[in-house]
Amino acid sequence: MNSDHDGELNSPIDSPVSSQRMPSLNALRCFEAAARLEHFGRAAEELHLTHGAISRAVRTLEDDLGLALFERRSRRVFLTDAGRELAESVQEGMQRMRSTCNRLRQSVASEQRLTLSCEPTLLMRWLLPRWPVFLRQLAKSHPEAQVHLVAGGGAFSFNDGIDLAIRRDDFALPAGMHSDVLFSEQIGPVCRPELVKRWFTPQRALRANAPLLHTRTRASAWKTWSQISGTALPKAAGAQQYEHFYFSLQAAIAGLGVAIGPRELVSDDLKSGVLVAPLGFVEDGTHYGLLAPAPAQPGTVHAQLLKWLLATAVASAR
């Protein structure tokens with residue numbers, strides 16, 4: 001004798017669970033194509049199936065629902081009223097699924113291909129020499145990811161094709177822009193080591209004949225350093241001005257004069273001995289930061305880049 005429990009298991013038609021059971025998704029997929037094209041053969045071609053496979057899938061769906069979805073006349077098929085109602089719902093659902101899948105694919109693709117804008121001098125003298133280390137780490141964690149570097153300074157918009165940016169905070173950030181501070185700006189005079197005695201006194205002052213190297217993109221660099229450090233500037237007749245900041249630093253390396261060198265931008269030259277900073281460095285109150293539309297989410301390329309930049313900034317300051 002069967003128990004009541006056995007009787008319930010053997011009565012799927014009357015079960016509320018079975019009445020809510022979804023039909024086969026494969027059958028719905030075949031039905032949608034056949035309904036849209038009103039032709040089993042063309043549906044089979046579109047889905048790379050046989051005509052018989054489409055016919056069986058539709059028949060399975062009709063048996064499952066207990067009603068006819070197509071009227072079959074000779075070699076043609078026509079939707080019944082029930083078939084038309086189901087086709088509209090299935091097509092709407094499949095379109096929503098397609099749209100969602102495309103959006104998710106695009107979001108992943110966008111995350112995997114980032115454009116990082118960086119101030120030109122920082123890009124040339126600090127980021128690029130260290131970039132291979134990050135790329136090796138990125139290849140292990142996100143093999144498909146690509147980070148494209150572009151040079152740019154000052155204010156910008158994320159609508160210009162930029163995903164992230166490294167900037168010095170010498171301009172007002174737009175509302176809603178997120179910034180993670182990488183390091184503070186420390187500045188000081190730098191020159192070739194063999195020229196220190198010629199252009200600096202034993203009392204740690206600039207000699208009157210010291211040729212100061214100025215730059216148009218940071219026209220107030222020497223004045224800012226003078227005010228913060230309390231050191232007077234000589235009125236040297238040999239002062240020179242360059243178009244870009246990295247030109248003045250390169251001129252210092254060439255022995256043409258004394259430049260104002262941000263510590264991060266000359267750290268490699270100080271370590272190699274190409275340049276020295278006779279008077280050390282002072283903070284000028286500004287910072288470099290990684291700017292983004294929103295905070296980095298764990299596990300993303302953005303998060304890995306931020307972590308690497310912070311660790312690299314600490315290492316280069318030692």
# chains A, B, ... in the order shown; residues from 1 in each chain; ligands from 1
>>> closest_atom_pairs(of="stretch 127-174 of chain A", to="stretch 278-288 of chain A", cutoff="10 Å", atoms="only C-alpha atoms", output="JSON lines")
{"residue": "A:Ile166", "atom": "CA", "partner": "A:Tyr288", "partner_atom": "CA", "distance": 6.7}
{"residue": "A:Arg167", "atom": "CA", "partner": "A:Tyr288", "partner_atom": "CA", "distance": 5.4}
{"residue": "A:Arg168", "atom": "CA", "partner": "A:Tyr288", "partner_atom": "CA", "distance": 4.2}
{"residue": "A:Asp169", "atom": "CA", "partner": "A:His287", "partner_atom": "CA", "distance": 5.7}
{"residue": "A:Asp170", "atom": "CA", "partner": "A:Thr286", "partner_atom": "CA", "distance": 6.7}
>>> write_last_selection(atoms="C-alpha atoms", output="short mmCIF file (atom, residue, chain, number, x, y, z; two decimals), in the first residue's frame")
data_model
loop_
_atom_site.label_atom_id
_atom_site.label_comp_id
_atom_site.auth_asym_id
_atom_site.auth_seq_id
_atom_site.Cartn_x
_atom_site.Cartn_y
_atom_site.Cartn_z
CA ILE A 166 47.36 60.64 -12.41
CA ARG A 167 47.38 64.34 -11.67
CA ARG A 168 48.93 66.85 -9.32
CA ASP A 169 46.16 68.56 -7.36
CA ASP A 170 46.93 72.06 -8.58
#
>>> residues_around(residues="stretch 204-211 of chain A", least_positions_apart="6", cutoff="9 Å", atoms="only C-alpha atoms", output="list in words")
Arg198, Thr231, Ala232, Leu233, Pro234, Lys235, Ala236, Ala237, Gly238, Ala239, Gln240, Leu256, Gly257, Val258, Ala259, Pro278 and Leu279 of chain A
>>> residues_around(residues="A:Leu270", least_positions_apart="6", cutoff="10 Å", atoms="only C-alpha atoms", output="number ranges by chain")
A: 190-193, 263-264, 276-277
>>> closest_residue(among="A:Ala27, A:Leu249, A:Leu135, A:Ala254", to="A:Gly188", atoms="only C-alpha atoms")
A:Leu249
>>> residues_around(residues="A:Ala303", least_positions_apart="6", cutoff="12 Å", atoms="only C-alpha atoms", output="list in words")
Glu111, Leu138, Ser141, His142, Leu164, Asp180, Leu290, Ala292, Ala294, Pro295, Ala296, Gln297, Leu309 and Leu310 of chain A
>>> select_by_dssp(residues="stretch 16-243 of chain A", states="strand (DSSP E or B)", output="PyMOL selection string")
chain A and resi 70-73+76-79+113-118+146-151+164-168+178-191+200+206+212-215+240-242
>>> atom_distance(atom1="atom CA of A:Leu265", atom2="atom CA of A:Trp131")
14.6 Å
>>> closest_residue(among="A:Arg56, A:His214, A:Arg29, A:His48", to="A:Ala252", atoms="only C-alpha atoms")
A:His214
>>> atom_distance(atom1="atom CA of A:Trp222", atom2="atom CA of A:Tyr242")
13.4 Å
>>> closest_residue(among="A:Glu144, A:Asp163, A:Glu32, A:Glu46", to="A:Ser89", atoms="only C-alpha atoms")
A:Glu32
>>> select_by_dssp(residues="stretch 29-242 of chain A", states="helix (DSSP H, G or I)", output="PyMOL selection string")
chain A and resi 29-37+40-47+51-65+81-112+120-141+158-160+193-199+216-218+221-229
